[in-house]
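**Student:** This is the structure I have questions about; it appears just below.
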Amino acid sequence: MTEPVAEPCKTVDGAITRVFALLGKRWTGPIVAVLMEHPVHFADLHRAIPGISERMLSDRLTELGAAGLVVREVDEGPPLRVSYRLTEAGGALEPALKELAAWAERHLPEVDRSAAPAAC
C-alpha cells in the first residue's frame, strides 16, 4: 500500500463550492432534469418527482430562479396556471447532467428500495 504524501491538501475550488451549494441540495437535480425537456406546469412538475412536497418544490424553484437557472411564467387563465422553464444558463447544465447520469449508470449500483428494511 502506498503511504500518503505529507503535503498540504489542495483547497477546494470556489466554483465547485458554489455549484454544489446550489445543485447539491436534495431535489434540485431531479427538478432541473424534468425541466430539461420543456416548460412544465407546477402541478405536473410535482407529479413528475415522487416524494417531493409542494413546499419543497416551491422553495427549490425559488432558489433556482434566484440563481438565474429557472424562470417562472404565469399563464393567464382561466384557470390561472404557473409554469417553469430553464433559462439559457439552466439549459447549459444538460451536458453535465447527462455525463453525471452516465457515470452513475457505470459506478453507482441501483438500490432496491423494496428489499430494504422499513425505517423506524
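Each chain of the C-alpha cells is named A, B, ... in the order shown, its residues numbered from 1; ligands are numbered from 1 in display order.
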Could you name the residues that touch Ser58 in chain A at 12 Å or less, counting only C-alpha atoms, but leaving out those on the same chain fewer than 2 positions away, as JSON, numbers by chain?
**Tutor:** {"A": [27, 28, 31, 41, 42, 43, 45, 46, 52, 53, 54, 55, 56, 60, 61, 62, 63, 64, 65, 70, 72, 82, 83, 84]}
**Student:** As a PDB file with N, CA, C and O atoms, in the first residue's frame, which residues of range 19-74 of chain A does DSSP assign to alpha helix (DSSP H)?
**Tutor:**
ATOM      1  N   VAL A  19     -21.273  25.594  -7.062  1.00  0.00           N
ATOM      2  CA  VAL A  19     -22.173  24.717  -7.809  1.00  0.00           C
ATOM      3  C   VAL A  19     -22.804  23.666  -6.899  1.00  0.00           C
ATOM      4  O   VAL A  19     -24.000  23.396  -6.992  1.00  0.00           O
ATOM      5  N   PHE A  20     -22.021  23.090  -5.978  1.00  0.00           N
ATOM      6  CA  PHE A  20     -22.604  22.081  -5.106  1.00  0.00           C
ATOM      7  C   PHE A  20     -23.457  22.698  -4.004  1.00  0.00           C
ATOM      8  O   PHE A  20     -24.366  22.038  -3.485  1.00  0.00           O
ATOM      9  N   ALA A  21     -23.221  23.943  -3.643  1.00  0.00           N
ATOM     10  CA  ALA A  21     -24.097  24.621  -2.685  1.00  0.00           C
ATOM     11  C   ALA A  21     -25.507  24.738  -3.257  1.00  0.00           C
ATOM     12  O   ALA A  21     -26.494  24.651  -2.527  1.00  0.00           O
ATOM     13  N   LEU A  22     -25.617  24.896  -4.564  1.00  0.00           N
ATOM     14  CA  LEU A  22     -26.924  25.003  -5.215  1.00  0.00           C
ATOM     15  C   LEU A  22     -27.420  23.639  -5.687  1.00  0.00           C
ATOM     16  O   LEU A  22     -28.483  23.176  -5.294  1.00  0.00           O
ATOM     17  N   LEU A  23     -26.652  22.980  -6.530  1.00  0.00           N
ATOM     18  CA  LEU A  23     -27.111  21.742  -7.158  1.00  0.00           C
ATOM     19  C   LEU A  23     -26.994  20.522  -6.256  1.00  0.00           C
ATOM     20  O   LEU A  23     -27.582  19.484  -6.544  1.00  0.00           O
ATOM     21  N   THR A  28     -32.938  19.226  -6.175  1.00  0.00           N
ATOM     22  CA  THR A  28     -32.580  20.182  -7.208  1.00  0.00           C
ATOM     23  C   THR A  28     -32.266  19.491  -8.537  1.00  0.00           C
ATOM     24  O   THR A  28     -32.753  19.914  -9.587  1.00  0.00           O
ATOM     25  N   GLY A  29     -31.472  18.435  -8.505  1.00  0.00           N
ATOM     26  CA  GLY A  29     -31.126  17.717  -9.728  1.00  0.00           C
ATOM     27  C   GLY A  29     -32.342  17.173 -10.459  1.00  0.00           C
ATOM     28  O   GLY A  29     -32.492  17.397 -11.668  1.00  0.00           O
ATOM     29  N   PRO A  30     -33.239  16.465  -9.763  1.00  0.00           N
ATOM     30  CA  PRO A  30     -34.433  15.973 -10.447  1.00  0.00           C
ATOM     31  C   PRO A  30     -35.307  17.088 -11.029  1.00  0.00           C
ATOM     32  O   PRO A  30     -35.870  16.939 -12.115  1.00  0.00           O
ATOM     33  N   ILE A  31     -35.401  18.217 -10.347  1.00  0.00           N
ATOM     34  CA  ILE A  31     -36.192  19.335 -10.872  1.00  0.00           C
ATOM     35  C   ILE A  31     -35.590  19.818 -12.181  1.00  0.00           C
ATOM     36  O   ILE A  31     -36.293  19.975 -13.192  1.00  0.00           O
ATOM     37  N   VAL A  32     -34.286  20.054 -12.185  1.00  0.00           N
ATOM     38  CA  VAL A  32     -33.624  20.532 -13.408  1.00  0.00           C
ATOM     39  C   VAL A  32     -33.763  19.495 -14.512  1.00  0.00           C
ATOM     40  O   VAL A  32     -34.026  19.841 -15.667  1.00  0.00           O
ATOM     41  N   ALA A  33     -33.627  18.214 -14.172  1.00  0.00           N
ATOM     42  CA  ALA A  33     -33.730  17.153 -15.175  1.00  0.00           C
ATOM     43  C   ALA A  33     -35.106  17.136 -15.835  1.00  0.00           C
ATOM     44  O   ALA A  33     -35.217  16.992 -17.055  1.00  0.00           O
ATOM     45  N   VAL A  34     -36.160  17.305 -15.051  1.00  0.00           N
ATOM     46  CA  VAL A  34     -37.516  17.330 -15.619  1.00  0.00           C
ATOM     47  C   VAL A  34     -37.687  18.547 -16.525  1.00  0.00           C
ATOM     48  O   VAL A  34     -38.275  18.460 -17.605  1.00  0.00           O
ATOM     49  N   LEU A  35     -37.146  19.683 -16.113  1.00  0.00           N
ATOM     50  CA  LEU A  35     -37.301  20.910 -16.902  1.00  0.00           C
ATOM     51  C   LEU A  35     -36.439  20.926 -18.160  1.00  0.00           C
ATOM     52  O   LEU A  35     -36.622  21.788 -19.021  1.00  0.00           O
ATOM     53  N   PHE A  42     -46.528  23.734 -12.628  1.00  0.00           N
ATOM     54  CA  PHE A  42     -46.165  23.357 -11.265  1.00  0.00           C
ATOM     55  C   PHE A  42     -46.741  21.998 -10.883  1.00  0.00           C
ATOM     56  O   PHE A  42     -46.030  21.138 -10.369  1.00  0.00           O
ATOM     57  N   ALA A  43     -48.034  21.789 -11.106  1.00  0.00           N
ATOM     58  CA  ALA A  43     -48.683  20.534 -10.703  1.00  0.00           C
ATOM     59  C   ALA A  43     -48.057  19.344 -11.431  1.00  0.00           C
ATOM     60  O   ALA A  43     -47.859  18.274 -10.835  1.00  0.00           O
ATOM     61  N   ASP A  44     -47.739  19.503 -12.702  1.00  0.00           N
ATOM     62  CA  ASP A  44     -47.120  18.420 -13.466  1.00  0.00           C
ATOM     63  C   ASP A  44     -45.704  18.139 -12.965  1.00  0.00           C
ATOM     64  O   ASP A  44     -45.274  16.984 -12.899  1.00  0.00           O
ATOM     65  N   LEU A  45     -44.997  19.191 -12.608  1.00  0.00           N
ATOM     66  CA  LEU A  45     -43.649  19.038 -12.067  1.00  0.00           C
ATOM     67  C   LEU A  45     -43.710  18.308 -10.727  1.00  0.00           C
ATOM     68  O   LEU A  45     -42.908  17.408 -10.457  1.00  0.00           O
ATOM     69  N   HIS A  46     -44.686  18.651  -9.917  1.00  0.00           N
ATOM     70  CA  HIS A  46     -44.869  17.986  -8.622  1.00  0.00           C
ATOM     71  C   HIS A  46     -45.143  16.498  -8.819  1.00  0.00           C
ATOM     72  O   HIS A  46     -44.584  15.653  -8.115  1.00  0.00           O
ATOM     73  N   ARG A  47     -45.979  16.152  -9.790  1.00  0.00           N
ATOM     74  CA  ARG A  47     -46.284  14.742 -10.069  1.00  0.00           C
ATOM     75  C   ARG A  47     -45.086  13.998 -10.656  1.00  0.00           C
ATOM     76  O   ARG A  47     -44.947  12.795 -10.471  1.00  0.00           O
ATOM     77  N   ALA A  48     -44.221  14.699 -11.366  1.00  0.00           N
ATOM     78  CA  ALA A  48     -43.076  14.063 -12.027  1.00  0.00           C
ATOM     79  C   ALA A  48     -41.967  13.672 -11.053  1.00  0.00           C
ATOM     80  O   ALA A  48     -41.087  12.886 -11.413  1.00  0.00           O
ATOM     81  N   GLU A  54     -45.018  19.938  -2.019  1.00  0.00           N
ATOM     82  CA  GLU A  54     -45.242  21.183  -2.762  1.00  0.00           C
ATOM     83  C   GLU A  54     -44.393  22.313  -2.193  1.00  0.00           C
ATOM     84  O   GLU A  54     -43.856  23.124  -2.933  1.00  0.00           O
ATOM     85  N   ARG A  55     -44.259  22.353  -0.889  1.00  0.00           N
ATOM     86  CA  ARG A  55     -43.473  23.402  -0.236  1.00  0.00           C
ATOM     87  C   ARG A  55     -41.997  23.313  -0.646  1.00  0.00           C
ATOM     88  O   ARG A  55     -41.362  24.309  -0.964  1.00  0.00           O
ATOM     89  N   MET A  56     -41.440  22.102  -0.634  1.00  0.00           N
ATOM     90  CA  MET A  56     -40.046  21.919  -1.009  1.00  0.00           C
ATOM     91  C   MET A  56     -39.843  22.251  -2.480  1.00  0.00           C
ATOM     92  O   MET A  56     -38.853  22.893  -2.846  1.00  0.00           O
ATOM     93  N   LEU A  57     -40.778  21.830  -3.327  1.00  0.00           N
ATOM     94  CA  LEU A  57     -40.689  22.142  -4.749  1.00  0.00           C
ATOM     95  C   LEU A  57     -40.695  23.650  -4.954  1.00  0.00           C
ATOM     96  O   LEU A  57     -39.866  24.191  -5.689  1.00  0.00           O
ATOM     97  N   SER A  58     -41.588  24.329  -4.286  1.00  0.00           N
ATOM     98  CA  SER A  58     -41.655  25.783  -4.389  1.00  0.00           C
ATOM     99  C   SER A  58     -40.357  26.439  -3.913  1.00  0.00           C
ATOM    100  O   SER A  58     -39.833  27.352  -4.563  1.00  0.00           O
ATOM    101  N   ASP A  59     -39.822  25.966  -2.796  1.00  0.00           N
ATOM    102  CA  ASP A  59     -38.574  26.520  -2.263  1.00  0.00           C
ATOM    103  C   ASP A  59     -37.414  26.317  -3.236  1.00  0.00           C
ATOM    104  O   ASP A  59     -36.632  27.233  -3.495  1.00  0.00           O
ATOM    105  N   ARG A  60     -37.296  25.104  -3.785  1.00  0.00           N
ATOM    106  CA  ARG A  60     -36.198  24.827  -4.722  1.00  0.00           C
ATOM    107  C   ARG A  60     -36.342  25.634  -6.006  1.00  0.00           C
ATOM    108  O   ARG A  60     -35.363  26.129  -6.550  1.00  0.00           O
ATOM    109  N   LEU A  61     -37.572  25.784  -6.497  1.00  0.00           N
ATOM    110  CA  LEU A  61     -37.789  26.585  -7.704  1.00  0.00           C
ATOM    111  C   LEU A  61     -37.429  28.050  -7.455  1.00  0.00           C
ATOM    112  O   LEU A  61     -36.857  28.705  -8.320  1.00  0.00           O
ATOM    113  N   THR A  62     -37.729  28.539  -6.261  1.00  0.00           N
ATOM    114  CA  THR A  62     -37.364  29.912  -5.903  1.00  0.00           C
ATOM    115  C   THR A  62     -35.852  30.071  -5.894  1.00  0.00           C
ATOM    116  O   THR A  62     -35.311  31.053  -6.419  1.00  0.00           O
ATOM    117  N   GLU A  63     -35.137  29.107  -5.318  1.00  0.00           N
ATOM    118  CA  GLU A  63     -33.670  29.150  -5.286  1.00  0.00           C
ATOM    119  C   GLU A  63     -33.085  29.099  -6.698  1.00  0.00           C
ATOM    120  O   GLU A  63     -32.158  29.852  -7.018  1.00  0.00           O
ATOM    121  N   LEU A  64     -33.630  28.214  -7.528  1.00  0.00           N
ATOM    122  CA  LEU A  64     -33.145  28.103  -8.905  1.00  0.00           C
ATOM    123  C   LEU A  64     -33.440  29.369  -9.695  1.00  0.00           C
ATOM    124  O   LEU A  64     -32.646  29.786 -10.534  1.00  0.00           O
ATOM    125  N   GLY A  65     -34.569  30.003  -9.406  1.00  0.00           N
ATOM    126  CA  GLY A  65     -34.898  31.271 -10.045  1.00  0.00           C
ATOM    127  C   GLY A  65     -33.939  32.368  -9.615  1.00  0.00           C
ATOM    128  O   GLY A  65     -33.454  33.150 -10.444  1.00  0.00           O
ATOM    129  N   ALA A  66     -33.633  32.424  -8.317  1.00  0.00           N
ATOM    130  CA  ALA A  66     -32.714  33.442  -7.810  1.00  0.00           C
ATOM    131  C   ALA A  66     -31.307  33.255  -8.385  1.00  0.00           C
ATOM    132  O   ALA A  66     -30.575  34.226  -8.574  1.00  0.00           O
TER     133      ALA A  66
END
**Student:** What does the structure give for the distance between CA of Ala102 in chain A and CA of Cys9 in chain A, in Å to one decimal?
**Tutor:** 29.0 Å
**Student:** Which one of A:Leu86, A:Val40, A:Ala6, A:Ile49 sits closest to Arg26 in chain A if you count only C-alpha atoms?
**Tutor:**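 Looking only at the distances to Arg26 in chain A, the closest residue turns out to be A:Ile49.
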**Student:** Select from range 20-120 of chain A everything DSSP, run on the backbone, classes as strand (DSSP E or B), then give the selection as a list in words.
**Tutor:**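 Checking each residue of range 20-120 of chain A, the strand (DSSP E or B) ones are Val40, His41, Val70, Val71, Arg72, Glu73, Val74, Asp75, Arg81, Val82, Ser83, Tyr84, Arg85 and Leu86 of chain A.
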**Student:** Keeping only C-alpha atoms, write the selected residues to a file as an mmCIF file, in the first residue's frame.
**Tutor:**
data_model
loop_
_atom_site.group_PDB
_atom_site.id
_atom_site.type_symbol
_atom_site.label_atom_id
_atom_site.label_comp_id
_atom_site.auth_asym_id
_atom_site.auth_seq_id
_atom_site.Cartn_x
_atom_site.Cartn_y
_atom_site.Cartn_z
ATOM 1 C CA VAL A 40 -43.670 22.347 -17.095
ATOM 2 C CA HIS A 41 -46.649 23.484 -15.021
ATOM 3 C CA VAL A 70 -35.262 28.860 -13.892
ATOM 4 C CA VAL A 71 -37.948 31.328 -14.973
ATOM 5 C CA ARG A 72 -41.464 31.353 -13.500
ATOM 6 C CA GLU A 73 -44.192 32.213 -16.002
ATOM 7 C CA VAL A 74 -47.843 32.840 -15.171
ATOM 8 C CA ASP A 75 -50.320 31.600 -17.783
ATOM 9 C CA ARG A 81 -51.525 28.272 -14.127
ATOM 10 C CA VAL A 82 -47.861 28.709 -13.318
ATOM 11 C CA SER A 83 -45.172 27.063 -15.400
ATOM 12 C CA TYR A 84 -41.411 26.911 -15.101
ATOM 13 C CA ARG A 85 -38.711 26.698 -17.731
ATOM 14 C CA LEU A 86 -34.945 26.679 -17.728
#
